[in-house]
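Novice: For reference, the structure I am asking about is given below.
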Amino acid sequence: MGRQTETTALHQVLDRLATGRPQVVEIYGDPGIGKTRLLDELAGLATDRKLALLAARSSEYQQHIPFGVVTEALSGLGSRDELATPQSSDRYRAYRSVREVLIRHAQPPGLALLFDDLHWADEASHDLLEQLLLDMPPVALLVAVAYRDHHVPPGLPAAFTRTRADVTRLALEPLTESDIAELSPDLPVRRLRLVLRASGGNPLYLDALGPVDDATLEVLADQDRADPRDIPGRLHALLDTELRRLDPVQRLVAQAIAIAGDPAELDLVLGIADRPEAEVFPALDALVALGVVHPAGFRFRFRHPLLRMAAYQSAGPAWRICAHRRAELHLRSRGGSLPLRAHHLSRAARYGDTDVAGVLVQAAVETLGTAPADSAVWTRTALRLLPPDADTTTRTDLLLLQADALGRSEGLAESRRILHEVIEHAGPRRWEAVLHCATADRLLGRLDEARALLETELGEAVPAAGRGALTIELAATNLLLDDPQRCIRHATAAVADGLRIGERCQVASGRVLLGMASLRDGDVVAARHRLTEAARLVDGLSDAELREWLSILPMLAWLELHLERYPDADRHLARGLEIAHTSGLARVLPYLYTVRSALAERTGRLDVACSALVDARDASAAIGSTETNGMAGAVELWVTLWHRGPQAALDLADGARPRSRWWAEEADAARVTALLIAGRPTAAATQIAEHLQIGKGGLTNAHWYSSLALAELALGARDEAVKLSEDAVRFADELDVPYQRGITQMAYARVLAGCGQHGQALAQAELAVDWFVTAGAPLHAAMAHGVVAENLAASGDLQRARVEFGLAKSGYAACGATWLLTKVRNSESRLGARTPRPRRAGEAGTVEVLSDREREIAQLVANGMTNREIAARLYLSAKTVEGHLARVFTKLDVKSRVGVAQRLAAAAT
């Protein structure tokens with residue numbers, strides 16, 4: 001049912017009833033919120049406990065039938081001879097008669113009396129129920145009522161306060177995301193959120209929206225721009241039923257409120273309705289009493305946005321056009337804001353009305369930085385209003401404004417199409433068209449085209465105001481194409497130009513890009529220095545200044561993530577998200593959410609990482625960017641690997657890759673790790689070859705060396721694996737980034753363990769733990785603890801191994817790494833299977849405890865043979881020999897091969 005708290009409360013009510021104490025349950029909320037469903041749940045629980053059950057439901061047609069709902073409830077008692085049917089002529093006598101009947105039937109385990117839709121009940125029923133509550137008999141009687149929030153039956157509030165029964169009040173709120181997930185566990189997160197936004201969490205509307213496709217849900221979820229015609233038929237019928245109950249004036253006022261906006265000001269409603277106050281005010285009061293609208297201070301709003309849309313649609317199209325004109329006239333006469341006037345003008349404008357077009361353009365320019373989606377709508381309307389003889393410059397300027405607004409919001413592909421149409425006619429504003437077009441190309445993954453376009457434009461005479469923005473965009477594009485040297489060249493030029501003209505945002509952006517390029521190139525010292533400068537400059541900018549350069553914040557946070565300044569990264573991401581949401585800058589949201597997910601994965605918060613990835617995917621879908629969707633997918637591979645295992649990650653990796661070489665490498669790094677864990681070293685080595693730069697350091701190359709070492713180990717090339725691991729450690733030492741040092745040390749430990757050198761492997765794994773702790777990477781620290789445990793177990797130190805396995809398990813559990821937790825538990829179980837059984841006193845440490853095979857291997861060890869030589873002699877694998885030898889160490893209570901020889905020599909004497 002999705003209401004665990006309320007269901008628990010009902011169980012508690014029935015528990016108290018079982019003690020003989022009378023109980024009252026009051027359930028109230030908006031229409032469709034689930035009152036009837038909860039009352040049905042109570043009825044089912046009462047039946048399960050063998051209670052006698054009486055139930056009735058009022059309807060609006062019973063309001064003039066005295067005692068109608070009470071009579072219906074009492075009819076459930078059976079025999080008419082016993083039934084005391086109330087009569088309106090003597091209400092007190094009727095009450096006493098009903099009370100006696102209830103007492104007679106409230107024998108253990110008790111009686112439940114349930115009234116649904118009590119707001120429709122007649123006055124006599126209300127009075128009788130009030131008297132029953134005020135004089136509640138001291139028996140096992142449960143009275144439960146349900147009614148609409150804004151239709152409180154008179155007298156009941158006082159009766160609930162004064163009754164001797166225990167009163168449980170359940171105010172039903174809209175369902176939350178977790179409630180809906182409980183009801184529909186298989187519903188994709190994106191659709192779940194769309195349904196929640198469109199329905200407002202109202203269960204009735206949720207059910208009606210069930211068959212609706214995602215595209216329609218997206219429209220309905222955006223109430224400001226949704227078309228009432230998109231309301232599905234079943235849902236529209238539900239809403240229209242409520243509106244048909246209104247009289248003509250009430251319906252007119254409801255339609256005027258729908259036109260006025262959400263919330264609606266009273267004076268504006270009066271102006272739109274165009275009726276005297278003496279008619280409007282009573283109708284408005286009636287709408288409040290009926291729960292159609294709610295007061296919000298001195299304004300009014302509909303109970304639910306979908307109800308507002310239905311009221312809007314219920315008005316005729318011609319009336320709506322005239323109503324919007326009246327609204328705009330009212331706002332203009334009182335100095336209303338341009339955006340409010342534009343909202344109404346865009347729905348009532350006439351072809352050729354250039355004055356209206358002018359107002360719409362002014363509003364579009366004013367809201368471009370705060371509400372670009374609205375700006376795009378008003379610019380499109382203004383273009384339709386232009387007469388055929390409008391000059392080319394005016395039309396081109398409007399198209400550029402529309403393309404900019406679309407590119408900032410959710411119309412990326414359309415923005416690019418418009419820009420390519422007008423770019424040759426843009427005149428002095430050509431650089432703006434090029435900048436917007438390159439930005440769209442970047443978001444669509446057309447990076448080579450973006451670079452070519454920007455380089456061509458910068459080769460021409462570009463105004464100073466535009467050169468900096470174009471150069472920054474070109475530097476960012478080169479970074480995405482994994483060309484850090486070109487990025488550094490252009491970013492350096494942008495910084496110098498920004499310092500010359502005093503453009504602080506340009507300087508800050510250039511510093512961030514320089515830091516990013518230095519990091520990609522492996523110059524961590526320079527990256528740290530440039531990061532410090534960049535963060536100082538960005539923090540000194542106001543939100544208004546930063547709005548036009550917001551794309552720089554996710555890059556700054558990414559740089560801070562990899563240089564392990566996590567609090568700064570978190571702070572800058574939070575600021576970027578706040579600016580993006582308040583300014584409608586949808587195109588930056590995918591980057592911000594993707595970096596937030598990567599930060600959460602690094603810091604061991606996989607639940608936060610998953611949530612941010614859903615937001616990143618949604619934001620990418622909203623703007624139509626497959627490129628940012630691929631970037632989110634690159635981070636999702638890591639999260640999926642730790643949470644669900646390598647096969648799930650590899651299945652995900654088969655999806656679209658980002659075209660950016662930088663982000664494609666990020667995705668491939670996760671895929672290679674999944675391949676190695678899945679036991680597919682050949683495929684991993686093939687993938688690694690695409691990225692490995694032999695003999696070169698750098699941030700990513702250390703990872704590739706470590707990965708190739710593990711692949712070579714699995715393929716049997718142990719010497720090559722050791723050499724590659726040592727090179728990786730050296731590269732990471734040169735970088736001096738704790739996380740990178742932890743990664744290479746952990747890989748080195750695994751290679752050494754695979755070569756049978758468990759003592760050295762243990763030392764490297766312990767170093768990896770220290771580096772990951774320093775780096776603030778708890779998930780990877782848990783992995784390193786697991787490697788430590790495996791090497792301790794192989795060395796025979798089972799007691800310490802269990803401690804390290806415990807640290808790995810607690811780390812995985814805290815991070816939410818489900819698959820890794822299962823994996824380490826399996827490793828621990830294998831350790832338990834290897835634990836020696838208890839021996840008789842005096843046997844521990846003696847040769848007699850060894851099995852025949854173990855004694856044979858121990859003798860060969862004492863003779864000075866290596867594990868590989870023993871394996872060849874006995875036709876065993878090296879791994880099998882290592883396992884036998886580990887048990888020999890444990891049983892003989894020694895820690896070295898020398899100790900084994902000494903034990904055998906002592907036994908022989």
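Chain labels follow the order of the structure tokens: the first chain is A, the next B, and so on; residue numbering restarts at 1 in every chain, and ligands are counted from 1 in their shown order.
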Stretch 474-599 of chain A: which residues are alpha helix (DSSP H) by DSSP, as a PyMOL selection string?
Specialist: chain A and resi 474-480+484-501+504-520+524-539+543-547+552-562+566-583+589-599
Novice: Tell me which protein, DNA and RNA residues are within 12 Å of A:Asp770, counting only C-alpha atoms, leaving out same-chain ones fewer than 3 positions away, and put them as an MDAnalysis selection string.
Specialist: chainID A and resid 738:739 741:743 745:746 763:767 773:778 780:785 788
Novice: Leaving out A:Glu545 and any residue of its chain fewer than 5 positions from it, which residues lie within 10 Å of it when counting only C-alpha atoms, given as a short mmCIF file (atom, residue, chain, number, x, y, z; two decimals) with N, CA and C atoms, in the first residue's frame?
Specialist:
data_model
loop_
_atom_site.label_atom_id
_atom_site.label_comp_id
_atom_site.auth_asym_id
_atom_site.auth_seq_id
_atom_site.Cartn_x
_atom_site.Cartn_y
_atom_site.Cartn_z
N ARG A 504 37.36 38.65 -15.28
CA ARG A 504 37.74 37.70 -14.22
C ARG A 504 37.24 36.28 -14.48
N CYS A 505 36.03 36.15 -15.02
CA CYS A 505 35.49 34.82 -15.29
C CYS A 505 36.33 34.09 -16.33
N VAL A 538 37.47 31.51 -8.65
CA VAL A 538 36.06 31.12 -8.77
C VAL A 538 35.29 31.52 -7.53
N GLY A 540 35.75 33.92 -5.69
CA GLY A 540 35.59 35.37 -5.64
C GLY A 540 34.55 35.91 -6.60
N LEU A 550 29.24 28.81 -16.26
CA LEU A 550 28.97 27.76 -15.27
C LEU A 550 29.60 26.42 -15.64
#
Novice: Pick out the closest residue to A:Gly369 from this set: A:Arg530, A:Arg99, A:Arg547, A:Arg446. Count only C-alpha atoms.
Specialist: A:Arg547
Novice: In Å, rounded to a single decimal, give me how far atom CA of A:Leu118 is from atom CA of A:Gln23.
Specialist: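 That distance, rounded to one decimal, is 17.7 Å.
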Novice: I need the residues in stretch 154-385 of chain A that are strand (DSSP E or B) according to DSSP; give them as a list of chain:residue names.
Specialist: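 Strand (DSSP E or B) assignments inside stretch 154-385 of chain A correspond to A:Asp166, A:Val167, A:Thr168, A:Arg169, A:Leu170, A:Ala171, A:Ala264, A:Glu265, A:Val293, A:His294, A:Pro295, A:Ala296, A:Arg299, A:Phe300, A:Arg301, A:Phe302.
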Novice: Using only C-alpha atoms, which of the listed residues (A:Thr216, A:Asp353, A:Pro31, A:Ala814) sits closest to A:Arg303?
Specialist: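 Residue with the minimum atom-to-atom distance to A:Arg303: A:Pro31.
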Novice: Could you list, as a list in words, every residue within 10 Å of A:Phe281, counting only C-alpha atoms and ignoring same-chain residues fewer than 4 positions away?
Specialist: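 The neighbour list is Gln250, Val253, Leu266, Leu270, Arg275, Pro276, Glu277, Asp285, Ala286 and Leu287 of chain A.
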Novice: Could you check how far atom CA of A:Asp179 sits from atom CA of A:Asp214, in Å to one decimal?
Specialist: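 These atoms are spaced 20.0 Å apart.
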Novice: Find the residue from A:Leu204, A:Ala198, A:Leu850, A:Leu513 that sits nearest to A:Ala534; use only C-alpha atoms when measuring.
Specialist: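 So, comparing all the options, the nearest one is A:Leu513.
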Novice: Using only C-alpha atoms, which of the listed residues (A:Pro339, A:Pro108, A:Gly502, A:Pro317) sits closest to A:Leu51?
Specialist: A:Pro108
Novice: Using only C-alpha atoms, which of the listed residues (A:Glu457, A:Glu41, A:Asp135, A:Asp539) sits closest to A:Ala165?
Specialist: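 Nearest candidate to A:Ala165 out of A:Glu457, A:Glu41, A:Asp135, A:Asp539: A:Asp135.
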Novice: Identify which of the residues A:Ala461, A:Asp733, A:Asp448, A:Arg341 lies closest to A:Val524, counting only C-alpha atoms when measuring atom-to-atom distances.
Specialist: A:Asp733
Novice: Between atom CA of A:Tyr92 and atom CA of A:Leu42, what is the spacing in Å?
Specialist: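 Distance reported for this atom pair: 29.8 Å.
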Novice: Which neighbours of A:Ala382 fall inside 8 Å, counting only C-alpha atoms, when residues of the same chain fewer than 5 positions from it are skipped, and could you give them as a list in words?
Specialist: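 Everything that qualifies: Val356, Ala357, Gly358, Leu360 and Val361 of chain A.
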Novice: Determine, counting only C-alpha atoms, which protein, DNA and RNA residues have an atom within 8 Å of an atom of A:Arg57; residues of the same chain fewer than 4 positions away are not included. Present the result as a short mmCIF file (atom, residue, chain, number, x, y, z; two decimals) with N, CA and C atoms, in the first residue's frame.
Specialist:
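Output saved as result-v9.cif:
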data_model
loop_
_atom_site.label_atom_id
_atom_site.label_comp_id
_atom_site.auth_asym_id
_atom_site.auth_seq_id
_atom_site.Cartn_x
_atom_site.Cartn_y
_atom_site.Cartn_z
N VAL A 69 -26.28 7.35 6.27
CA VAL A 69 -25.07 6.56 6.35
C VAL A 69 -25.08 5.66 7.60
N PHE A 115 -16.87 4.59 8.76
CA PHE A 115 -17.62 5.52 7.91
C PHE A 115 -16.67 6.17 6.92
N ASP A 116 -16.93 5.97 5.62
CA ASP A 116 -16.10 6.57 4.57
C ASP A 116 -16.82 7.76 3.95
N ASP A 117 -16.04 8.72 3.46
CA ASP A 117 -16.59 9.94 2.81
C ASP A 117 -17.61 10.63 3.72
N LEU A 118 -17.25 10.78 4.97
CA LEU A 118 -18.19 11.34 5.94
C LEU A 118 -18.57 12.78 5.62
#
Novice: Counting only C-alpha atoms, what is within 10 Å of A:Gln859, bar same-chain residues fewer than 6 positions away, as an MDAnalysis selection string?
Specialist: chainID A and resid 853 865 900:901 904:905
